$ cat coords-v9.tsv   # TSV, C-alpha atoms
chain	number	residue	atom	x	y	z
Y	309	MET	CA	-18.75	-27.67	0.41
Y	310	SER	CA	-17.72	-31.17	1.64
Y	311	SER	CA	-20.43	-32.79	-0.54
Y	312	ASP	CA	-18.88	-31.24	-3.67
Y	313	PHE	CA	-15.45	-32.45	-2.62
Y	314	GLU	CA	-16.73	-35.99	-2.04
Y	315	GLY	CA	-18.42	-35.96	-5.45
Y	316	TYR	CA	-15.11	-35.04	-7.07
Y	317	GLU	CA	-13.45	-37.80	-5.07
Y	318	GLN	CA	-15.81	-40.42	-6.45
Y	319	ASP	CA	-15.28	-39.24	-10.01
Y	320	PHE	CA	-11.52	-39.26	-9.48
Y	321	ALA	CA	-11.58	-42.82	-8.07
Y	322	VAL	CA	-13.60	-44.16	-11.02
Y	323	LEU	CA	-11.41	-42.37	-13.55
Y	324	THR	CA	-8.10	-43.50	-12.02
Y	325	ALA	CA	-9.30	-47.11	-11.86
Y	326	GLU	CA	-10.14	-47.00	-15.56
Y	327	ILE	CA	-6.79	-45.39	-16.39
Y	328	THR	CA	-4.92	-48.06	-14.41
Y	329	SER	CA	-6.71	-50.81	-16.32
Y	330	LYS	CA	-5.88	-49.27	-19.68
Y	331	ILE	CA	-2.25	-48.64	-18.77
Y	332	ALA	CA	-1.82	-52.32	-17.97
Y	333	ARG	CA	-3.19	-53.24	-21.42
Y	334	VAL	CA	-1.01	-50.84	-23.43
Y	335	PRO	CA	2.18	-52.98	-23.68
Y	336	ARG	CA	0.25	-56.01	-25.01
Y	337	LEU	CA	-1.53	-54.17	-27.83
Y	338	PRO	CA	-0.46	-54.08	-31.47
Y	339	PRO	CA	1.04	-50.77	-32.66
Y	340	ASP	CA	-2.18	-49.39	-34.17
Y	341	GLU	CA	-4.35	-50.23	-31.18
Y	342	LYS	CA	-1.62	-49.11	-28.82
Y	343	LYS	CA	-1.49	-45.68	-30.43
Y	344	GLN	CA	-5.24	-45.27	-30.04
Y	345	MET	CA	-5.15	-46.48	-26.44
Y	346	VAL	CA	-2.31	-44.09	-25.59
Y	347	ALA	CA	-4.32	-41.14	-26.93
Y	348	ASN	CA	-7.32	-42.26	-24.89
Y	349	VAL	CA	-5.27	-42.55	-21.70
Y	350	GLU	CA	-3.71	-39.12	-22.24
Y	351	LYS	CA	-7.17	-37.59	-22.49
Y	352	GLN	CA	-8.30	-39.29	-19.30
Y	353	LEU	CA	-5.17	-38.15	-17.48
Y	354	GLU	CA	-6.00	-34.56	-18.40
Y	355	GLU	CA	-9.51	-35.07	-17.01
Y	356	ALA	CA	-8.03	-36.44	-13.79
Y	357	LYS	CA	-5.78	-33.38	-13.47
Y	358	GLU	CA	-8.78	-31.09	-13.89
Y	359	LEU	CA	-10.60	-32.99	-11.15
Y	360	LEU	CA	-7.59	-32.52	-8.85
Y	361	GLU	CA	-7.62	-28.79	-9.55
Y	362	GLN	CA	-11.32	-28.58	-8.70
Y	363	MET	CA	-10.73	-30.53	-5.49
Y	364	ASP	CA	-7.84	-28.23	-4.59
Y	365	LEU	CA	-10.07	-25.17	-5.01
Y	366	GLU	CA	-12.72	-26.75	-2.80
Y	367	VAL	CA	-10.13	-27.43	-0.09
Y	368	ARG	CA	-9.01	-23.78	-0.10
Y	369	GLU	CA	-12.57	-22.65	0.62
Y	370	ILE	CA	-12.93	-25.00	3.61
Y	371	PRO	CA	-12.50	-23.30	7.05
Y	372	PRO	CA	-8.95	-23.63	8.46
Y	373	GLN	CA	-10.05	-25.73	11.44
Y	374	SER	CA	-11.41	-28.44	9.09
Y	375	ARG	CA	-8.93	-28.10	6.25
Y	376	GLY	CA	-6.21	-30.44	7.58
Y	377	MET	CA	-8.02	-33.70	6.86
Y	378	TYR	CA	-8.87	-32.68	3.29
Y	379	SER	CA	-5.33	-31.46	2.66
Y	380	ASN	CA	-3.94	-34.88	3.61
Y	381	ARG	CA	-6.36	-36.57	1.23
Y	382	MET	CA	-5.34	-34.19	-1.54
Y	383	ARG	CA	-1.68	-35.08	-1.05
Y	384	SER	CA	-2.45	-38.78	-1.40
Y	385	TYR	CA	-4.47	-38.14	-4.57
Y	386	LYS	CA	-1.62	-36.13	-6.07
Y	387	GLN	CA	0.82	-38.92	-5.28
Y	388	GLU	CA	-1.53	-41.40	-6.93
Y	389	MET	CA	-1.73	-39.14	-9.97
Y	390	GLY	CA	2.04	-38.98	-10.18
Y	391	LYS	CA	2.27	-42.76	-10.02
Y	392	LEU	CA	-0.26	-43.11	-12.83
Y	393	GLU	CA	1.73	-40.76	-15.03
Y	394	THR	CA	4.91	-42.71	-14.31
Y	395	ASP	CA	3.28	-46.03	-15.14
Y	396	PHE	CA	1.81	-44.56	-18.30
Y	397	LYS	CA	5.19	-43.30	-19.50
Y	398	ARG	CA	6.71	-46.70	-18.93
Y	399	SER	CA	3.87	-48.51	-20.65
Y	400	ARG	CA	4.26	-46.37	-23.77
Y	401	ILE	CA	7.80	-47.63	-24.33
Y	402	ALA	CA	7.16	-51.16	-23.09
Y	403	TYR	CA	6.26	-54.06	-25.34
Y	404	SER	CA	5.15	-57.58	-24.69
Y	405	ASP	CA	7.65	-60.35	-25.32
Y	406	GLU	CA	5.96	-61.45	-28.54
Y	407	VAL	CA	5.75	-57.96	-30.00
Y	408	ARG	CA	9.33	-57.17	-29.01
Y	409	ASN	CA	10.69	-60.31	-30.61
Y	410	GLU	CA	8.65	-59.67	-33.72
Y	411	LEU	CA	9.86	-56.09	-34.08
Y	412	LEU	CA	13.48	-56.47	-33.02
Y	413	GLY	CA	14.42	-60.01	-33.81
Y	414	ASP	CA	18.08	-60.49	-32.81
Y	415	ASP	CA	18.54	-56.85	-31.71
Y	416	GLY	CA	16.86	-57.41	-28.37
Y	417	ASN	CA	19.93	-56.51	-26.33
Y	418	SER	CA	20.34	-53.17	-28.07
Y	419	SER	CA	16.67	-52.43	-27.54
Y	420	GLU	CA	16.98	-53.24	-23.86
Y	421	ASN	CA	19.78	-50.69	-23.53
Y	422	GLN	CA	17.70	-48.06	-25.25
Y	423	ARG	CA	14.76	-48.92	-23.07
Y	424	ALA	CA	16.88	-48.58	-19.93
Y	425	HIS	CA	18.15	-45.23	-21.16
Y	426	LEU	CA	14.61	-44.03	-21.79
Y	427	LEU	CA	13.49	-45.17	-18.38
Y	428	ASP	CA	16.39	-43.31	-16.80
Y	429	ASN	CA	15.41	-40.12	-18.61
Y	430	THR	CA	11.80	-40.64	-17.59
Y	431	GLU	CA	12.75	-40.95	-13.95
Y	432	ARG	CA	14.75	-37.73	-14.17
Y	433	LEU	CA	11.77	-35.94	-15.62
Y	434	GLU	CA	9.60	-37.31	-12.85
Y	435	ARG	CA	11.98	-36.05	-10.19
Y	436	SER	CA	11.99	-32.62	-11.82
Y	437	SER	CA	8.19	-32.65	-11.91
Y	438	ARG	CA	8.02	-33.54	-8.22
Y	439	ARG	CA	10.38	-30.70	-7.36
Y	440	LEU	CA	8.23	-28.30	-9.37
Y	441	GLU	CA	5.11	-29.51	-7.60
Y	442	ALA	CA	6.78	-29.08	-4.22
Y	443	GLY	CA	7.82	-25.55	-5.18
Y	444	TYR	CA	4.28	-24.77	-6.29
Y	445	GLN	CA	2.89	-26.06	-2.99
Y	446	ILE	CA	5.33	-23.90	-1.04
Y	447	ALA	CA	4.31	-20.88	-3.12
Y	448	VAL	CA	0.63	-21.54	-2.38
Y	449	GLU	CA	1.27	-21.87	1.35
Y	450	THR	CA	3.36	-18.69	1.32
Y	451	GLU	CA	0.53	-16.86	-0.42
Y	452	GLN	CA	-1.93	-18.02	2.24
Y	453	ILE	CA	0.39	-16.87	5.02
Y	454	GLY	CA	0.77	-13.49	3.31
Y	455	GLN	CA	-3.00	-13.07	3.08
Y	456	GLU	CA	-3.40	-13.86	6.77
Y	457	MET	CA	-0.70	-11.32	7.65
Y	458	LEU	CA	-2.41	-8.65	5.55
Y	459	GLU	CA	-5.72	-9.34	7.29
Y	460	ASN	CA	-4.06	-9.06	10.72
Y	461	LEU	CA	-2.40	-5.78	9.73
Y	462	SER	CA	-5.74	-4.44	8.52
Y	463	HIS	CA	-7.37	-5.29	11.87
Y	464	ASP	CA	-4.51	-3.62	13.77
Y	465	ARG	CA	-4.86	-0.51	11.63
Y	466	GLU	CA	-8.56	-0.28	12.42
Y	467	LYS	CA	-7.83	-0.59	16.15
Y	468	ILE	CA	-5.22	2.19	15.97
Y	469	GLN	CA	-7.63	4.47	14.11
Y	470	ARG	CA	-10.36	3.88	16.70
Y	471	ALA	CA	-7.91	4.61	19.54
Y	472	ARG	CA	-6.81	7.83	17.79
Y	473	GLU	CA	-10.42	8.97	17.46
Y	474	ARG	CA	-11.05	8.31	21.16
Y	475	LEU	CA	-7.96	10.37	22.06
Y	476	ARG	CA	-9.20	13.25	19.94
Y	477	GLU	CA	-12.61	13.14	21.63
Y	478	THR	CA	-10.96	13.06	25.06
Y	479	ASP	CA	-8.75	16.04	24.16
Y	480	ALA	CA	-11.79	18.01	22.99
Y	481	ASN	CA	-13.67	17.21	26.21
Y	482	LEU	CA	-10.68	18.28	28.33
Y	483	GLY	CA	-10.46	21.58	26.46
Y	484	LYS	CA	-14.16	22.20	26.99
Y	485	SER	CA	-13.88	21.39	30.71
Y	486	SER	CA	-10.90	23.74	31.05
Y	487	ARG	CA	-12.86	26.60	29.48
Y	488	ILE	CA	-15.82	25.96	31.79
Y	489	LEU	CA	-13.60	25.96	34.90
Y	490	THR	CA	-11.86	29.16	33.77
Y	491	GLY	CA	-15.21	30.89	33.33
Y	492	MET	CA	-16.38	29.75	36.76
Y	493	LEU	CA	-13.17	31.05	38.36
Y	494	ARG	CA	-13.52	34.44	36.69
Y	495	ARG	CA	-17.14	34.78	37.80
Y	496	SER	CA	-16.12	33.86	41.36
Y	497	GLN	CA	-13.41	36.53	41.37
Y	498	ARG	CA	-15.79	39.18	40.03
Y	499	HIS	CA	-18.32	38.23	42.70
Y	500	MET	CA	-15.70	38.57	45.45
Y	501	VAL	CA	-14.62	41.97	44.11
Y	502	LYS	CA	-18.21	43.22	44.03
Y	503	LYS	CA	-18.84	41.92	47.53
Y	504	THR	CA	-15.71	43.61	48.91
Y	505	ASP	CA	-16.59	46.86	47.12
Y	506	LYS	CA	-19.99	46.87	48.81
Y	507	LYS	CA	-18.38	46.37	52.23
Y	508	THR	CA	-15.94	49.21	51.56
Y	509	ARG	CA	-18.73	51.57	50.58
Y	510	LYS	CA	-20.68	50.62	53.68
Y	511	ILE	CA	-17.69	51.31	55.94
Y	512	VAL	CA	-17.07	54.67	54.29
Y	513	SER	CA	-20.74	55.58	54.63
Y	514	LEU	CA	-20.76	54.68	58.33
Y	515	HIS	CA	-17.65	56.77	58.99
Y	516	CYS	CA	-19.11	59.71	57.17
Y	517	LYS	CA	-22.34	59.54	59.13
Y	518	SER	CA	-20.45	59.17	62.39
Y	519	GLU	CA	-18.21	62.13	61.62
Y	520	ASN	CA	-21.15	64.31	60.68
Y	521	TYR	CA	-22.96	63.33	63.86
Y	522	PHE	CA	-20.10	64.17	66.18
Y	523	HIS	CA	-19.39	67.36	64.33
Y	524	PHE	CA	-22.99	68.40	64.67
Y	525	GLN	CA	-23.08	67.64	68.39
Y	526	ASN	CA	-19.67	69.15	69.16
Y	527	PRO	CA	-18.59	71.55	66.48
Y	528	ASP	CA	-15.42	72.47	68.34
Y	529	SER	CA	-14.51	68.91	69.32
Y	530	ASN	CA	-11.63	66.94	67.84
Y	531	LEU	CA	-13.65	63.69	67.67
Y	532	GLY	CA	-14.59	64.35	64.08
Y	533	GLN	CA	-10.94	64.61	63.20
Y	534	GLY	CA	-10.33	61.30	64.97
Y	535	HIS	CA	-13.04	59.63	62.96
Y	536	SER	CA	-11.60	61.10	59.80
Y	537	ARG	CA	-8.22	59.67	60.67
Y	538	GLY	CA	-9.86	56.28	61.37
Y	539	LEU	CA	-11.52	56.35	57.98
Y	540	LYS	CA	-8.21	57.12	56.31
Y	541	ILE	CA	-6.50	54.27	58.18
Y	542	THR	CA	-9.28	51.83	57.18
Y	543	LEU	CA	-9.09	52.81	53.54
Y	544	ARG	CA	-5.32	52.58	53.64
Y	545	CYS	CA	-5.55	49.05	55.05
Y	546	LEU	CA	-7.91	48.09	52.30
Y	547	CYS	CA	-5.48	49.49	49.74
Y	548	LEU	CA	-2.47	47.80	51.34
Y	549	CYS	CA	-4.28	44.42	51.62
Y	550	PRO	CA	-5.88	43.84	48.23
Y	551	LEU	CA	-7.99	40.84	47.46
Y	552	PRO	CA	-6.14	37.68	46.46
Y	553	ARG	CA	-6.05	37.11	42.73
Y	554	TYR	CA	-5.97	33.68	41.17
Y	555	PRO	CA	-4.15	33.03	37.93
Y	556	LEU	CA	-6.46	32.77	34.98
Y	557	ARG	CA	-5.81	30.15	32.32
$ encode --input "coords-v9.tsv" --output "structure tokens"
Amino acid sequence: MSSDFEGYEQDFAVLTAEITSKIARVPRLPPDEKKQMVANVEKQLEEAKELLEQMDLEVREIPPQSRGMYSNRMRSYKQEMGKLETDFKRSRIAYSDEVRNELLGDDGNSSENQRAHLLDNTERLERSSRRLEAGYQIAVETEQIGQEMLENLSHDREKIQRARERLRETDANLGKSSRILTGMLRRSQRHMVKKTDKKTRKIVSLHCKSENYFHFQNPDSNLGQGHSRGLKITLRCLCLCPLPRYPLR
């Protein structure tokens, strides 16, 4: 990446040096040669602009941490390009003393006024061009900032989606755990009911055997009736004191 940029830099330096030399020769040339030289310089200026565009593209692809140095160099090259264009515009309307005297004769003062007016207009155009270039640079920087913001928003969106998926998985696991605990509680209650039912049957069986035994030994005795009343009291206690029930979810 940097090697390509440096190659463009060398080409730009050679081209600008040649343009500077030709611009200095333009005012001293005869009209025919001057016209040809002006066309040649215009072509080379276009080539220099294309080199600047290539260099600008290379700078945009350089990582941000290394881009600052190349951006400063690009600004200096653009300023140099602007100066070349200014000098070229002035050289196109400038003439050497001999050529001016030959063309204008005694109307030199009028020509000087026209020349000053043209230079003033040229400077205005240059200021407008600089403002346009500054606006373009601001637009490019704004575009870069917008791209960075979009990338950050995209990363944040991915994080939110991952967090949402984790919450859904956690909710599903909690629901599964709740169902497992509910099933365990129900099985525990059924086990307690079965266990209590067995104890009740055992107590009833013992009372029945005891009553039959006493009735067999003493048919006329009231002990059997006492045991019967005891059995009724026990069953009534079991009915009045039911097993605790836990709420099922």
$ closest_residue --input "coords-v9.tsv" --among "Y:Arg368, Y:Arg333, Y:Lys342, Y:Lys357" --to "Glu388 of chain Y" --atoms "all atoms listed in the file"
Y:Lys357
$ atom_distance --input "coords-v9.tsv" --atom1 "atom CA of Glu393 of chain Y" --atom2 "atom CA of Leu353 of chain Y"
7.8 Å
$ residues_near_point --input "coords-v9.tsv" --point "(-4.8, -49.4, -20.1)" --cutoff "10 Å" --atoms "only C-alpha atoms" --output "list of chain:residue names"
Y:Ala325, Y:Glu326, Y:Ile327, Y:Thr328, Y:Ser329, Y:Lys330, Y:Ile331, Y:Ala332, Y:Arg333, Y:Val334, Y:Pro335, Y:Arg336, Y:Leu337, Y:Lys342, Y:Met345, Y:Val346, Y:Asn348, Y:Val349, Y:Phe396, Y:Ser399
$ closest_residue --input "coords-v9.tsv" --among "Y:Asn380, Y:Gln469, Y:Ser374, Y:Thr324" --to "Glu354 of chain Y" --atoms "all atoms listed in the file"
Y:Thr324
$ atom_distance --input "coords-v9.tsv" --atom1 "atom CA of Lys503 of chain Y" --atom2 "atom CA of Ser485 of chain Y"
27.0 Å
$ axis_aligned_box --input "coords-v9.tsv" --around "segment 475-490 of chain Y" --padding-each-side "8 Å" --output "lines of an AutoDock Vina configuration file"
center_x = -11.9
center_y = 19.8
center_z = 27.4
size_x = 23.9
size_y = 34.8
size_z = 31.0
$ atom_distance --input "coords-v9.tsv" --atom1 "atom CA of Asp312 of chain Y" --atom2 "atom CA of Met389 of chain Y"
19.9 Å
$ residues_around --input "coords-v9.tsv" --residues "Gln318 of chain Y" --least-positions-apart "5" --cutoff "12 Å" --atoms "all atoms listed in the file" --output "NGL selection string"
:Y and (311-313 or 323-325 or 356 or 359-360 or 363 or 385)
$ write_last_selection --input "coords-v9.tsv" --atoms "C-alpha atoms" --output "mmCIF file, keeping the file's coordinate frame"
data_model
loop_
_atom_site.group_PDB
_atom_site.id
_atom_site.type_symbol
_atom_site.label_atom_id
_atom_site.label_comp_id
_atom_site.auth_asym_id
_atom_site.auth_seq_id
_atom_site.Cartn_x
_atom_site.Cartn_y
_atom_site.Cartn_z
ATOM 1 C CA SER Y 311 -20.430 -32.790 -0.540
ATOM 2 C CA ASP Y 312 -18.880 -31.240 -3.670
ATOM 3 C CA PHE Y 313 -15.450 -32.450 -2.620
ATOM 4 C CA LEU Y 323 -11.410 -42.370 -13.550
ATOM 5 C CA THR Y 324 -8.100 -43.500 -12.020
ATOM 6 C CA ALA Y 325 -9.300 -47.110 -11.860
ATOM 7 C CA ALA Y 356 -8.030 -36.440 -13.790
ATOM 8 C CA LEU Y 359 -10.600 -32.990 -11.150
ATOM 9 C CA LEU Y 360 -7.590 -32.520 -8.850
ATOM 10 C CA MET Y 363 -10.730 -30.530 -5.490
ATOM 11 C CA TYR Y 385 -4.470 -38.140 -4.570
#
$ closest_residue --input "coords-v9.tsv" --among "Y:Met500, Y:Gln452, Y:Lys484, Y:Ala471" --to "Pro372 of chain Y" --atoms "all atoms listed in the file"
Y:Gln452
